[in-house]
>>> print(open('data_11.pdb').read())   # PDB, C-alpha atoms and all ligand atoms
ATOM      1  CA  MET A   1       0.299 -19.768 -14.182
ATOM      2  CA  ASN A   2       3.534 -19.472 -16.185
ATOM      3  CA  ILE A   3       6.092 -16.802 -17.064
ATOM      4  CA  ASN A   4       3.806 -15.478 -19.813
ATOM      5  CA  THR A   5       0.808 -15.003 -17.509
ATOM      6  CA  MET A   6      -0.750 -11.563 -17.900
ATOM      7  CA  LEU A   7      -3.214  -9.682 -15.686
ATOM      8  CA  LYS A   8      -5.847  -7.313 -17.026
ATOM      9  CA  MET A   9      -5.771  -3.735 -15.730
ATOM     10  CA  PRO A  10      -8.687  -1.290 -15.386
ATOM     11  CA  SER A  11      -7.241   0.620 -18.387
ATOM     12  CA  GLY A  12      -8.035  -2.416 -20.558
ATOM     13  CA  HIS A  13      -4.352  -3.181 -21.151
ATOM     14  CA  SER A  14      -2.571  -6.248 -19.768
ATOM     15  CA  ILE A  15       0.507  -6.486 -17.563
ATOM     16  CA  PRO A  16       2.918  -9.441 -17.224
ATOM     17  CA  ALA A  17       2.399 -11.014 -13.791
ATOM     18  CA  LEU A  18       6.138 -11.218 -13.118
ATOM     19  CA  GLY A  19       8.258  -8.055 -13.240
ATOM     20  CA  TYR A  20      11.951  -7.293 -13.026
ATOM     21  CA  GLY A  21      13.050  -4.381 -10.825
ATOM     22  CA  VAL A  22      16.012  -2.118 -11.532
ATOM     23  CA  TYR A  23      16.214   0.076  -8.415
ATOM     24  CA  GLN A  24      19.918   0.549  -7.542
ATOM     25  CA  THR A  25      20.965  -1.073 -10.809
ATOM     26  CA  PRO A  26      23.793   1.155 -12.053
ATOM     27  CA  ALA A  27      23.075   2.754 -15.445
ATOM     28  CA  GLY A  28      26.264   1.185 -16.827
ATOM     29  CA  GLU A  29      25.019  -2.330 -16.005
ATOM     30  CA  ALA A  30      21.321  -1.919 -16.716
ATOM     31  CA  GLU A  31      21.334  -2.716 -20.433
ATOM     32  CA  ASP A  32      23.207  -5.997 -19.884
ATOM     33  CA  VAL A  33      21.055  -7.222 -16.994
ATOM     34  CA  VAL A  34      17.773  -6.222 -18.631
ATOM     35  CA  LEU A  35      18.819  -8.092 -21.790
ATOM     36  CA  HIS A  36      19.640 -11.091 -19.602
ATOM     37  CA  ALA A  37      16.216 -10.802 -17.967
ATOM     38  CA  PHE A  38      14.561 -10.811 -21.411
ATOM     39  CA  LYS A  39      16.592 -13.911 -22.384
ATOM     40  CA  SER A  40      15.405 -15.540 -19.141
ATOM     41  CA  GLY A  41      11.773 -14.912 -20.065
ATOM     42  CA  TYR A  42      10.840 -11.719 -18.222
ATOM     43  CA  ARG A  43       8.900  -9.182 -20.298
ATOM     44  CA  HIS A  44       8.280  -6.505 -17.676
ATOM     45  CA  VAL A  45      10.804  -3.959 -16.361
ATOM     46  CA  ASP A  46      10.112  -1.692 -13.397
ATOM     47  CA  SER A  47      12.171   1.504 -13.636
ATOM     48  CA  ALA A  48      11.663   5.103 -12.471
ATOM     49  CA  ARG A  49      13.061   8.556 -13.215
ATOM     50  CA  VAL A  50      14.938   8.519  -9.920
ATOM     51  CA  TYR A  51      16.641   5.204 -10.727
ATOM     52  CA  ARG A  52      18.539   7.001 -13.528
ATOM     53  CA  ASN A  53      18.419   3.961 -15.778
ATOM     54  CA  GLU A  54      15.359   4.463 -18.001
ATOM     55  CA  GLN A  55      17.618   5.017 -21.007
ATOM     56  CA  PRO A  56      19.642   1.765 -20.771
ATOM     57  CA  CYS A  57      16.367  -0.094 -20.133
ATOM     58  CA  ALA A  58      14.971   1.368 -23.359
ATOM     59  CA  ASP A  59      18.221   0.505 -25.170
ATOM     60  CA  ALA A  60      17.820  -3.094 -24.007
ATOM     61  CA  ILE A  61      14.248  -3.146 -25.312
ATOM     62  CA  ARG A  62      15.456  -2.010 -28.748
ATOM     63  CA  LYS A  63      18.445  -4.386 -28.821
ATOM     64  CA  SER A  64      16.472  -7.422 -27.617
ATOM     65  CA  GLY A  65      14.800  -7.910 -30.987
ATOM     66  CA  ILE A  66      11.566  -8.616 -29.101
ATOM     67  CA  PRO A  67       8.604  -6.682 -30.541
ATOM     68  CA  ARG A  68       7.959  -3.552 -28.449
ATOM     69  CA  GLY A  69       4.349  -4.630 -27.903
ATOM     70  CA  GLU A  70       5.514  -7.748 -26.047
ATOM     71  CA  ILE A  71       7.527  -5.788 -23.493
ATOM     72  CA  PHE A  72       6.122  -3.796 -20.603
ATOM     73  CA  LEU A  73       8.039  -0.821 -19.185
ATOM     74  CA  THR A  74       7.139   1.184 -16.092
ATOM     75  CA  SER A  75       8.463   4.557 -14.994
ATOM     76  CA  LYS A  76       7.490   6.829 -12.122
ATOM     77  CA  VAL A  77       7.073  10.527 -11.323
ATOM     78  CA  PRO A  78       9.938  11.584  -9.030
ATOM     79  CA  PRO A  79       8.861  12.711  -5.557
ATOM     80  CA  ARG A  80      10.532  16.068  -6.323
ATOM     81  CA  SER A  81       8.411  16.516  -9.465
ATOM     82  CA  MET A  82       5.000  16.580  -7.805
ATOM     83  CA  GLY A  83       2.504  19.119  -9.209
ATOM     84  CA  TYR A  84       1.125  19.597 -12.731
ATOM     85  CA  ASP A  85       3.990  21.451 -14.427
ATOM     86  CA  ALA A  86       6.807  19.468 -12.817
ATOM     87  CA  THR A  87       5.113  16.161 -13.658
ATOM     88  CA  LYS A  88       4.592  17.184 -17.289
ATOM     89  CA  ALA A  89       8.295  18.024 -17.489
ATOM     90  CA  ALA A  90       9.264  14.700 -15.859
ATOM     91  CA  ILE A  91       7.166  12.721 -18.343
ATOM     92  CA  GLN A  92       8.689  14.701 -21.203
ATOM     93  CA  SER A  93      12.190  13.895 -19.907
ATOM     94  CA  SER A  94      11.351  10.177 -19.844
ATOM     95  CA  PHE A  95      10.469  10.361 -23.535
ATOM     96  CA  SER A  96      13.426  12.472 -24.592
ATOM     97  CA  GLN A  97      15.838  10.185 -22.728
ATOM     98  CA  THR A  98      14.407   6.859 -23.821
ATOM     99  CA  GLY A  99      13.340   7.741 -27.356
ATOM    100  CA  LEU A 100      10.299   5.499 -26.856
ATOM    101  CA  ASP A 101       6.963   6.190 -28.592
ATOM    102  CA  TYR A 102       4.982   5.196 -25.525
ATOM    103  CA  ILE A 103       5.485   3.966 -21.965
ATOM    104  CA  ASP A 104       3.265   1.164 -20.688
ATOM    105  CA  LEU A 105       2.783   2.340 -17.118
ATOM    106  CA  TYR A 106       3.624   5.550 -15.288
ATOM    107  CA  LEU A 107       3.149   5.674 -11.520
ATOM    108  CA  VAL A 108       3.198   8.460  -8.962
ATOM    109  CA  HIS A 109       6.276   7.297  -7.062
ATOM    110  CA  ALA A 110       5.087   8.513  -3.654
ATOM    111  CA  PRO A 111       2.197  10.582  -2.230
ATOM    112  CA  TYR A 112       4.443  13.545  -1.429
ATOM    113  CA  GLY A 113       3.861  17.278  -1.856
ATOM    114  CA  GLY A 114       0.376  17.663  -0.342
ATOM    115  CA  PRO A 115      -3.131  17.360  -1.837
ATOM    116  CA  GLN A 116      -2.806  20.128  -4.440
ATOM    117  CA  ASN A 117       0.400  18.764  -5.914
ATOM    118  CA  ARG A 118      -0.975  15.215  -5.915
ATOM    119  CA  ARG A 119      -3.995  16.440  -7.874
ATOM    120  CA  GLY A 120      -1.801  18.294 -10.367
ATOM    121  CA  THR A 121       0.413  15.245 -10.850
ATOM    122  CA  TRP A 122      -2.601  13.030 -11.493
ATOM    123  CA  ARG A 123      -4.052  15.520 -14.024
ATOM    124  CA  ALA A 124      -0.746  15.545 -15.916
ATOM    125  CA  LEU A 125      -0.728  11.724 -16.013
ATOM    126  CA  VAL A 126      -4.335  11.632 -17.257
ATOM    127  CA  GLU A 127      -3.464  14.069 -20.041
ATOM    128  CA  ALA A 128      -0.436  12.009 -21.104
ATOM    129  CA  GLN A 129      -2.620   8.904 -21.153
ATOM    130  CA  GLN A 130      -5.285  10.663 -23.219
ATOM    131  CA  ALA A 131      -2.552  11.781 -25.634
ATOM    132  CA  GLY A 132      -1.560   8.117 -26.094
ATOM    133  CA  LYS A 133       1.930   8.579 -24.660
ATOM    134  CA  ILE A 134       1.257   6.525 -21.524
ATOM    135  CA  ARG A 135      -0.973   3.448 -21.696
ATOM    136  CA  SER A 136      -1.858   2.985 -18.018
ATOM    137  CA  ILE A 137      -1.407   5.086 -14.891
ATOM    138  CA  GLY A 138      -1.320   4.395 -11.188
ATOM    139  CA  VAL A 139       0.291   5.107  -7.845
ATOM    140  CA  SER A 140       2.945   3.793  -5.506
ATOM    141  CA  ASN A 141       3.308   4.054  -1.752
ATOM    142  CA  TYR A 142      -0.188   5.533  -1.288
ATOM    143  CA  GLY A 143      -1.918   4.892   2.051
ATOM    144  CA  VAL A 144      -5.672   4.239   2.087
ATOM    145  CA  HIS A 145      -6.243   7.910   2.952
ATOM    146  CA  HIS A 146      -4.268   8.945  -0.159
ATOM    147  CA  LEU A 147      -6.203   6.437  -2.269
ATOM    148  CA  ASN A 148      -9.538   7.796  -1.007
ATOM    149  CA  GLU A 149      -8.389  11.336  -1.779
ATOM    150  CA  LEU A 150      -7.438  10.309  -5.323
ATOM    151  CA  GLU A 151     -10.708   8.486  -5.877
ATOM    152  CA  GLY A 152     -12.542  11.679  -4.862
ATOM    153  CA  TYR A 153     -10.437  13.714  -7.285
ATOM    154  CA  ILE A 154     -11.121  11.289 -10.160
ATOM    155  CA  LYS A 155     -14.871  11.695  -9.522
ATOM    156  CA  GLU A 156     -14.453  15.491  -9.503
ATOM    157  CA  LEU A 157     -12.655  15.383 -12.865
ATOM    158  CA  GLU A 158     -15.418  13.180 -14.273
ATOM    159  CA  THR A 159     -18.086  15.615 -13.074
ATOM    160  CA  GLN A 160     -16.221  18.464 -14.787
ATOM    161  CA  ASN A 161     -15.114  16.741 -17.973
ATOM    162  CA  GLY A 162     -17.337  13.700 -18.487
ATOM    163  CA  ALA A 163     -17.312   9.992 -17.740
ATOM    164  CA  GLY A 164     -13.903   8.341 -18.019
ATOM    165  CA  LYS A 165     -12.103  11.701 -18.111
ATOM    166  CA  GLY A 166     -10.632  11.415 -14.640
ATOM    167  CA  GLY A 167      -8.352   8.519 -15.484
ATOM    168  CA  GLU A 168      -8.411   5.185 -13.677
ATOM    169  CA  ILE A 169      -5.993   3.717 -11.138
ATOM    170  CA  SER A 170      -4.743   0.674 -13.030
ATOM    171  CA  VAL A 171      -1.917  -0.322 -10.710
ATOM    172  CA  GLY A 172      -0.753   0.277  -7.159
ATOM    173  CA  GLN A 173       2.788  -0.593  -6.089
ATOM    174  CA  TRP A 174       3.832  -1.216  -2.476
ATOM    175  CA  GLU A 175       6.398  -3.029  -0.404
ATOM    176  CA  LEU A 176       4.560  -6.322   0.114
ATOM    177  CA  HIS A 177       5.709  -9.645   1.547
ATOM    178  CA  PRO A 178       4.712 -11.894   4.465
ATOM    179  CA  TRP A 179       6.196  -9.434   6.997
ATOM    180  CA  LEU A 180       4.317  -6.485   5.502
ATOM    181  CA  ALA A 181       1.080  -7.775   3.986
ATOM    182  CA  ARG A 182      -0.880  -4.470   4.094
ATOM    183  CA  PRO A 183      -4.370  -6.053   4.309
ATOM    184  CA  ASP A 184      -6.181  -2.672   4.274
ATOM    185  CA  ILE A 185      -4.551  -1.521   1.041
ATOM    186  CA  VAL A 186      -4.881  -4.942  -0.602
ATOM    187  CA  VAL A 187      -8.635  -5.074   0.109
ATOM    188  CA  TRP A 188      -9.091  -1.504  -1.192
ATOM    189  CA  CYS A 189      -7.424  -2.438  -4.487
ATOM    190  CA  LYS A 190      -9.044  -5.854  -4.888
ATOM    191  CA  GLU A 191     -12.518  -4.325  -4.460
ATOM    192  CA  ARG A 192     -11.742  -2.071  -7.411
ATOM    193  CA  GLY A 193      -9.892  -4.500  -9.688
ATOM    194  CA  ILE A 194      -6.630  -2.553  -9.314
ATOM    195  CA  VAL A 195      -3.510  -4.624 -10.045
ATOM    196  CA  ILE A 196      -1.239  -4.829  -6.983
ATOM    197  CA  GLU A 197       2.519  -4.818  -7.528
ATOM    198  CA  ALA A 198       4.866  -6.070  -4.798
ATOM    199  CA  TYR A 199       8.229  -4.396  -4.356
ATOM    200  CA  CYS A 200      10.966  -5.877  -2.156
ATOM    201  CA  PRO A 201       9.162  -9.188  -2.785
ATOM    202  CA  ILE A 202      12.159 -11.154  -1.478
ATOM    203  CA  VAL A 203      12.637  -8.682   1.401
ATOM    204  CA  ARG A 204      16.142  -7.893   0.082
ATOM    205  CA  GLY A 205      17.219 -11.293   1.395
ATOM    206  CA  GLN A 206      16.770 -10.177   5.014
ATOM    207  CA  ARG A 207      14.281 -12.890   6.046
ATOM    208  CA  PHE A 208      15.685 -15.929   4.271
ATOM    209  CA  GLY A 209      16.494 -17.593   7.617
ATOM    210  CA  GLU A 210      12.928 -17.423   9.023
ATOM    211  CA  PRO A 211      11.932 -20.924  10.244
ATOM    212  CA  SER A 212       8.496 -20.766   8.526
ATOM    213  CA  LEU A 213      10.235 -20.031   5.215
ATOM    214  CA  GLN A 214      13.024 -22.567   5.704
ATOM    215  CA  LYS A 215      10.433 -25.292   6.265
ATOM    216  CA  LEU A 216       8.898 -24.621   2.855
ATOM    217  CA  VAL A 217      12.344 -24.347   1.251
ATOM    218  CA  LYS A 218      13.058 -27.890   2.371
ATOM    219  CA  ALA A 219       9.593 -29.235   1.566
ATOM    220  CA  HIS A 220       9.625 -27.928  -2.024
ATOM    221  CA  GLY A 221      13.335 -28.084  -2.813
ATOM    222  CA  LYS A 222      13.294 -24.431  -3.942
ATOM    223  CA  THR A 223      15.257 -21.401  -2.700
ATOM    224  CA  PRO A 224      13.902 -18.844  -0.186
ATOM    225  CA  ALA A 225      13.610 -16.254  -2.979
ATOM    226  CA  GLN A 226      11.590 -18.675  -5.122
ATOM    227  CA  VAL A 227       9.212 -19.533  -2.254
ATOM    228  CA  LEU A 228       8.626 -15.829  -1.509
ATOM    229  CA  LEU A 229       8.012 -15.044  -5.186
ATOM    230  CA  ARG A 230       5.567 -17.921  -5.415
ATOM    231  CA  TRP A 231       3.750 -16.589  -2.310
ATOM    232  CA  SER A 232       3.466 -13.209  -4.012
ATOM    233  CA  LEU A 233       2.225 -14.618  -7.337
ATOM    234  CA  GLN A 234      -0.305 -16.880  -5.592
ATOM    235  CA  LYS A 235      -1.607 -13.858  -3.637
ATOM    236  CA  GLY A 236      -2.394 -12.378  -7.044
ATOM    237  CA  PHE A 237       0.358  -9.755  -6.773
ATOM    238  CA  VAL A 238       2.849  -8.758  -9.461
ATOM    239  CA  PRO A 239       6.258  -9.245  -7.781
ATOM    240  CA  LEU A 240       9.177  -7.126  -8.989
ATOM    241  CA  PRO A 241      12.357  -8.949  -7.877
ATOM    242  CA  LYS A 242      15.597  -7.081  -8.528
ATOM    243  CA  SER A 243      18.964  -8.663  -9.192
ATOM    244  CA  VAL A 244      22.068  -7.719 -11.104
ATOM    245  CA  THR A 245      23.357 -11.307 -10.765
ATOM    246  CA  HIS A 246      22.756 -13.397 -13.890
ATOM    247  CA  SER A 247      22.169 -16.663 -11.994
ATOM    248  CA  ARG A 248      19.680 -14.999  -9.613
ATOM    249  CA  ILE A 249      17.800 -13.395 -12.509
ATOM    250  CA  VAL A 250      17.218 -16.927 -13.835
ATOM    251  CA  GLU A 251      16.473 -18.318 -10.354
ATOM    252  CA  ASN A 252      13.834 -15.677  -9.651
ATOM    253  CA  ALA A 253      11.938 -16.563 -12.827
ATOM    254  CA  ASP A 254      12.114 -20.318 -12.167
ATOM    255  CA  VAL A 255       9.010 -20.393  -9.984
ATOM    256  CA  TYR A 256       6.478 -22.197 -12.146
ATOM    257  CA  ASP A 257       7.315 -25.853 -11.409
ATOM    258  CA  PHE A 258       5.882 -25.939  -7.883
ATOM    259  CA  GLU A 259       2.880 -24.681  -5.969
ATOM    260  CA  LEU A 260       2.335 -23.621  -2.374
ATOM    261  CA  SER A 261      -0.664 -25.313  -0.782
ATOM    262  CA  GLN A 262      -3.242 -23.354   1.159
ATOM    263  CA  SER A 263      -1.565 -24.423   4.398
ATOM    264  CA  ASP A 264       1.874 -23.426   3.017
ATOM    265  CA  MET A 265       0.450 -19.979   2.218
ATOM    266  CA  GLN A 266      -1.034 -19.739   5.711
ATOM    267  CA  ALA A 267       2.246 -20.833   7.309
ATOM    268  CA  LEU A 268       3.894 -17.743   5.817
ATOM    269  CA  GLU A 269       1.230 -15.284   7.028
ATOM    270  CA  THR A 270       2.277 -12.932   9.817
ATOM    271  CA  THR A 271       0.752  -9.808  11.316
ATOM    272  CA  GLU A 272       4.120  -8.048  11.368
ATOM    273  CA  TYR A 273       4.497  -4.565   9.922
ATOM    274  CA  SER A 274       8.203  -4.548   9.135
ATOM    275  CA  PRO A 275       9.214  -2.466   6.103
ATOM    276  CA  VAL A 276      12.758  -2.856   4.776
ATOM    277  CA  SER A 277      12.402   0.147   2.445
ATOM    278  CA  TRP A 278      10.883   3.624   2.918
ATOM    279  CA  ASP A 279       7.179   3.826   3.880
ATOM    280  CA  PRO A 280       5.408   6.933   2.563
ATOM    281  CA  THR A 281       1.978   5.260   3.034
ATOM    282  CA  VAL A 282       1.957   6.642   6.583
ATOM    283  CA  ASP A 283       2.664  10.221   5.451
ATOM    284  CA  ARG A 284      -0.119  12.491   6.703
ATOM    285  CA  ASP A 285       0.581  15.546   4.500
TER     286      ASP A 285
HETATM  287  N1  LIG A 301       7.972   2.172  -5.638
HETATM  288  C1  LIG A 301       8.936   2.176  -4.746
HETATM  289  O1  LIG A 301       9.029   3.067  -3.896
HETATM  290  C2  LIG A 301       9.957   1.069  -4.741
HETATM  291  C3  LIG A 301      10.828   0.926  -3.649
HETATM  292  C4  LIG A 301      11.739  -0.134  -3.659
HETATM  293  C5  LIG A 301      11.757  -1.010  -4.738
HETATM  294  N2  LIG A 301      10.912  -0.830  -5.805
HETATM  295  C6  LIG A 301      10.943  -1.727  -6.993
HETATM  296  O2  LIG A 301      10.950  -3.087  -6.578
HETATM  297  C7  LIG A 301      12.130  -3.733  -7.035
HETATM  298  C8  LIG A 301      12.584  -4.781  -6.031
HETATM  299  O3  LIG A 301      12.820  -4.224  -4.752
HETATM  300  P1  LIG A 301      14.253  -4.218  -4.053
HETATM  301  O4  LIG A 301      15.288  -4.209  -5.127
HETATM  302  O5  LIG A 301      14.285  -3.133  -3.078
HETATM  303  O6  LIG A 301      14.246  -5.589  -3.225
HETATM  304  P2  LIG A 301      14.246  -7.163  -3.561
HETATM  305  O7  LIG A 301      13.924  -7.433  -4.979
HETATM  306  O8  LIG A 301      13.396  -7.787  -2.497
HETATM  307  O9  LIG A 301      15.743  -7.594  -3.235
HETATM  308  C9  LIG A 301      16.817  -7.259  -4.062
HETATM  309  C10 LIG A 301      18.106  -7.703  -3.353
HETATM  310  O10 LIG A 301      18.098  -9.116  -3.182
HETATM  311  C11 LIG A 301      19.216  -9.694  -3.859
HETATM  312  N3  LIG A 301      18.712 -10.902  -4.548
HETATM  313  C12 LIG A 301      17.980 -10.945  -5.681
HETATM  314  N4  LIG A 301      17.641 -12.200  -5.996
HETATM  315  C13 LIG A 301      18.197 -12.996  -5.056
HETATM  316  C14 LIG A 301      18.220 -14.392  -4.857
HETATM  317  N5  LIG A 301      17.586 -15.212  -5.682
HETATM  318  N6  LIG A 301      18.892 -14.877  -3.770
HETATM  319  C15 LIG A 301      19.526 -14.032  -2.913
HETATM  320  N7  LIG A 301      19.532 -12.688  -3.049
HETATM  321  C16 LIG A 301      18.877 -12.166  -4.120
HETATM  322  C17 LIG A 301      19.715  -8.643  -4.834
HETATM  323  O11 LIG A 301      21.107  -8.757  -4.988
HETATM  324  P3  LIG A 301      21.864  -8.622  -6.415
HETATM  325  O12 LIG A 301      21.188  -7.548  -7.219
HETATM  326  O13 LIG A 301      23.247  -8.254  -5.994
HETATM  327  O14 LIG A 301      21.792  -9.979  -7.051
HETATM  328  C18 LIG A 301      19.356  -7.352  -4.114
HETATM  329  O15 LIG A 301      20.346  -7.041  -3.144
HETATM  330  C19 LIG A 301      13.119  -2.573  -7.236
HETATM  331  O16 LIG A 301      14.194  -2.912  -8.081
HETATM  332  C20 LIG A 301      12.206  -1.528  -7.827
HETATM  333  O17 LIG A 301      11.937  -1.800  -9.184
HETATM  334  C21 LIG A 301      10.008   0.191  -5.805
END
>>> encode(input="data_11.pdb", output="structure tokens")
Amino acid sequence: MNINTMLKMPSGHSIPALGYGVYQTPAGEAEDVVLHAFKSGYRHVDSARVYRNEQPCADAIRKSGIPRGEIFLTSKVPPRSMGYDATKAAIQSSFSQTGLDYIDLYLVHAPYGGPQNRRGTWRALVEAQQAGKIRSIGVSNYGVHHLNELEGYIKELETQNGAGKGGEISVGQWELHPWLARPDIVVWCKERGIVIEAYCPIVRGQRFGEPSLQKLVKAHGKTPAQVLLRWSLQKGFVPLPKSVTHSRIVENADVYDFELSQSDMQALETTEYSPVSWDPTVDRD
């Protein structure tokens, strides 16, 4: 495993196993920090319409001098744009704002709006993928009940339109770390070869003092953030650490010179369910 490690998605495309998140990164700073992330070796940026920084991320891609095909950009359907027409408009806005020819991954940001709107949103994503504008599609913050609903809808679309015409869930993105390990969702995805992305992978710094973590910090001579990112990578997840601090951007990518043993990994396991962000997986609508 190294910073260039890629994972294969059900769409057939590949995704860099380490991402760089830009939630709460001000638009005025985003170009600079994304360029710094590229210089530090990251090739994968996780943005969203609601982050209001897709455009500076795209500017950084152009200014980096790195071939577009070597960079991976994600955006997401805003929770307020659920439903077929609103999602089509949101995707269109991503393209008009960024000026990009294609976007690597577009996710449903959250399972909001009820079953009909979720179906419409998925259909709009499938159409954009079939048109070649979006390479891979997936979901974020879906509970197992939402995932089952979507799987049923994909089968329905295939019955209507033919094999492969329902789209495939390439990626799922959730808050995931030792204090929120979501075993039910992880098993669901692993059984289907869906790539699992981990947001808040360093728990926004809120658990750095945990004794189990501190023990590994001392044993490996790495920082708490690095140990948590290594845990995530070794679980097979795609962690998306966010930082606007140049030194931390470098620190969070410097995770390939040590390895957690099986007992280290086990020492970090908990059965806690302690989100630090929102948690739409439990939404029953
Ligand atoms: N799909 C969703 O609903 C969803 C929800 C939340 C997040 N996400 C994605 O996941 C990404 C990461 O999540 P997140 O930003 O909420 O949490 P996070 O990456 O766990 O934590 C980010 C926070 O930790 C600080 N930090 C970063 N590296 C550090 C280090 N090495 N040492 C100490 N502190 C450090 C950052 O500060 P500075 O920036 O000041 O350095 C920032 O305050 C987001 O940017 C976004 O792309 C998705």
>>> residues_near_ligand(input="data_11.pdb", ligand="ligand LIG 301 (chain A)", cutoff="6 Å", atoms="all atoms listed in the file", output="ChimeraX atom specification")
/A:21-23,46-47,109,140,173,199-205,225,240-245,248,251-252
>>> resolve_selection(input="data_11.pdb", expression="the PyMOL selection byres (((chain A and resi 33) around 12) and not hetatm)", output="PyMOL selection string")
chain A and resi 20-22+25-32+34-40+42+45+53+56-57+59-61+64+242-250
>>> residues_around(input="data_11.pdb", residues="stretch 124-129 of chain A", least_positions_apart="5", cutoff="6 Å", atoms="only C-alpha atoms", output="ChimeraX atom specification")
/A:84,88,134-135,167
>>> residues_around(input="data_11.pdb", residues="A:Pro183", least_positions_apart="5", cutoff="12 Å", atoms="all atoms listed in the file", output="compact mmCIF listing (two decimals) with C-alpha atoms, in the coordinates of the input")
# COMPACT_ATOMS: atom_id res chain seq x y z
CA GLY A 143 -1.92 4.89 2.05
CA VAL A 144 -5.67 4.24 2.09
CA TRP A 174 3.83 -1.22 -2.48
CA LEU A 176 4.56 -6.32 0.11
CA HIS A 177 5.71 -9.64 1.55
CA PRO A 178 4.71 -11.89 4.46
CA TRP A 188 -9.09 -1.50 -1.19
CA CYS A 189 -7.42 -2.44 -4.49
CA LYS A 190 -9.04 -5.85 -4.89
CA ILE A 196 -1.24 -4.83 -6.98
CA LYS A 235 -1.61 -13.86 -3.64
CA GLU A 269 1.23 -15.28 7.03
CA THR A 270 2.28 -12.93 9.82
CA THR A 271 0.75 -9.81 11.32
CA GLU A 272 4.12 -8.05 11.37
CA TYR A 273 4.50 -4.57 9.92
>>> residues_near_point(input="data_11.pdb", point="(-6.3, 3.4, -12.5)", cutoff="9 Å", atoms="all atoms listed in the file", output="list in words")
Met9, Pro10, Ser11, Ser136, Ile137, Gly138, Val139, Gly167, Glu168, Ile169, Ser170, Val171, Gly172, Ile194 and Val195 of chain A
>>> closest_residue(input="data_11.pdb", among="A:Asn141, A:Ser212, A:Asn161, A:Asn117", to="A:Leu268", atoms="only C-alpha atoms")
A:Ser212
>>> closest_residue(input="data_11.pdb", among="A:Tyr142, A:Gly132, A:Gly152, A:Val255", to="A:Arg119", atoms="all atoms listed in the file")
A:Gly152
>>> closest_residue(input="data_11.pdb", among="A:Arg123, A:Ala181, A:Tyr106, A:Gln130", to="A:Glu156", atoms="all atoms listed in the file")
A:Arg123
>>> residues_around(input="data_11.pdb", residues="stretch 94-104 of chain A", least_positions_apart="6", cutoff="7 Å", atoms="only C-alpha atoms", output="PyMOL selection string")
chain A and resi 54-55+58+72-74+133-136
>>> write_last_selection(input="data_11.pdb", atoms="C-alpha atoms", output="short mmCIF file (atom, residue, chain, number, x, y, z; two decimals), in the frame of the given file")
data_model
loop_
_atom_site.label_atom_id
_atom_site.label_comp_id
_atom_site.auth_asym_id
_atom_site.auth_seq_id
_atom_site.Cartn_x
_atom_site.Cartn_y
_atom_site.Cartn_z
CA GLU A 54 15.36 4.46 -18.00
CA GLN A 55 17.62 5.02 -21.01
CA ALA A 58 14.97 1.37 -23.36
CA PHE A 72 6.12 -3.80 -20.60
CA LEU A 73 8.04 -0.82 -19.18
CA THR A 74 7.14 1.18 -16.09
CA LYS A 133 1.93 8.58 -24.66
CA ILE A 134 1.26 6.52 -21.52
CA ARG A 135 -0.97 3.45 -21.70
CA SER A 136 -1.86 2.98 -18.02
#
>>> resolve_selection(input="data_11.pdb", expression="the PyMOL selection byres (((chain A and resi 261) around 12) and not hetatm)", output="list in words")
Leu216, Ala219, His220, Val227, Arg230, Trp231, Gln234, Lys235, Phe258, Glu259, Leu260, Gln262, Ser263, Asp264, Met265, Gln266, Ala267 and Leu268 of chain A
>>> resolve_selection(input="data_11.pdb", expression="the PyMOL selection byres (((chain A and resi 90) around 8) and not hetatm)", output="number ranges by chain")
A: 49, 77-78, 81, 86-89, 91-94
>>> closest_residue(input="data_11.pdb", among="A:Glu197, A:Asp285, A:Glu151, A:Asp85", to="A:Pro115", atoms="only C-alpha atoms")
A:Asp285
>>> decode(input="data_11.pdb", residues="stretch 88-96 of chain A", atoms="N, CA and C atoms", output="mmCIF file, in the first residue's frame")
data_model
loop_
_atom_site.group_PDB
_atom_site.id
_atom_site.type_symbol
_atom_site.label_atom_id
_atom_site.label_comp_id
_atom_site.auth_asym_id
_atom_site.auth_seq_id
_atom_site.Cartn_x
_atom_site.Cartn_y
_atom_site.Cartn_z
ATOM 1 N N LYS A 88 -31.045 16.648 -11.921
ATOM 2 C CA LYS A 88 -30.486 16.994 -13.239
ATOM 3 C C LYS A 88 -29.935 18.415 -13.226
ATOM 4 N N ALA A 89 -30.696 19.323 -12.616
ATOM 5 C CA ALA A 89 -30.262 20.728 -12.555
ATOM 6 C C ALA A 89 -28.990 20.860 -11.706
ATOM 7 N N ALA A 90 -28.920 20.108 -10.605
ATOM 8 C CA ALA A 90 -27.728 20.186 -9.738
ATOM 9 C C ALA A 90 -26.491 19.704 -10.493
ATOM 10 N N ILE A 91 -26.640 18.606 -11.219
ATOM 11 C CA ILE A 91 -25.495 18.069 -11.978
ATOM 12 C C ILE A 91 -25.064 19.108 -13.027
ATOM 13 N N GLN A 92 -26.058 19.674 -13.699
ATOM 14 C CA GLN A 92 -25.752 20.694 -14.710
ATOM 15 C C GLN A 92 -24.980 21.856 -14.079
ATOM 16 N N SER A 93 -25.402 22.284 -12.894
ATOM 17 C CA SER A 93 -24.709 23.397 -12.221
ATOM 18 C C SER A 93 -23.264 23.033 -11.900
ATOM 19 N N SER A 94 -23.026 21.779 -11.505
ATOM 20 C CA SER A 94 -21.640 21.361 -11.238
ATOM 21 C C SER A 94 -20.790 21.565 -12.487
ATOM 22 N N PHE A 95 -21.344 21.194 -13.647
ATOM 23 C CA PHE A 95 -20.554 21.326 -14.878
ATOM 24 C C PHE A 95 -20.396 22.779 -15.289
ATOM 25 N N SER A 96 -21.466 23.575 -15.156
ATOM 26 C CA SER A 96 -21.296 24.967 -15.596
ATOM 27 C C SER A 96 -20.345 25.711 -14.659
#
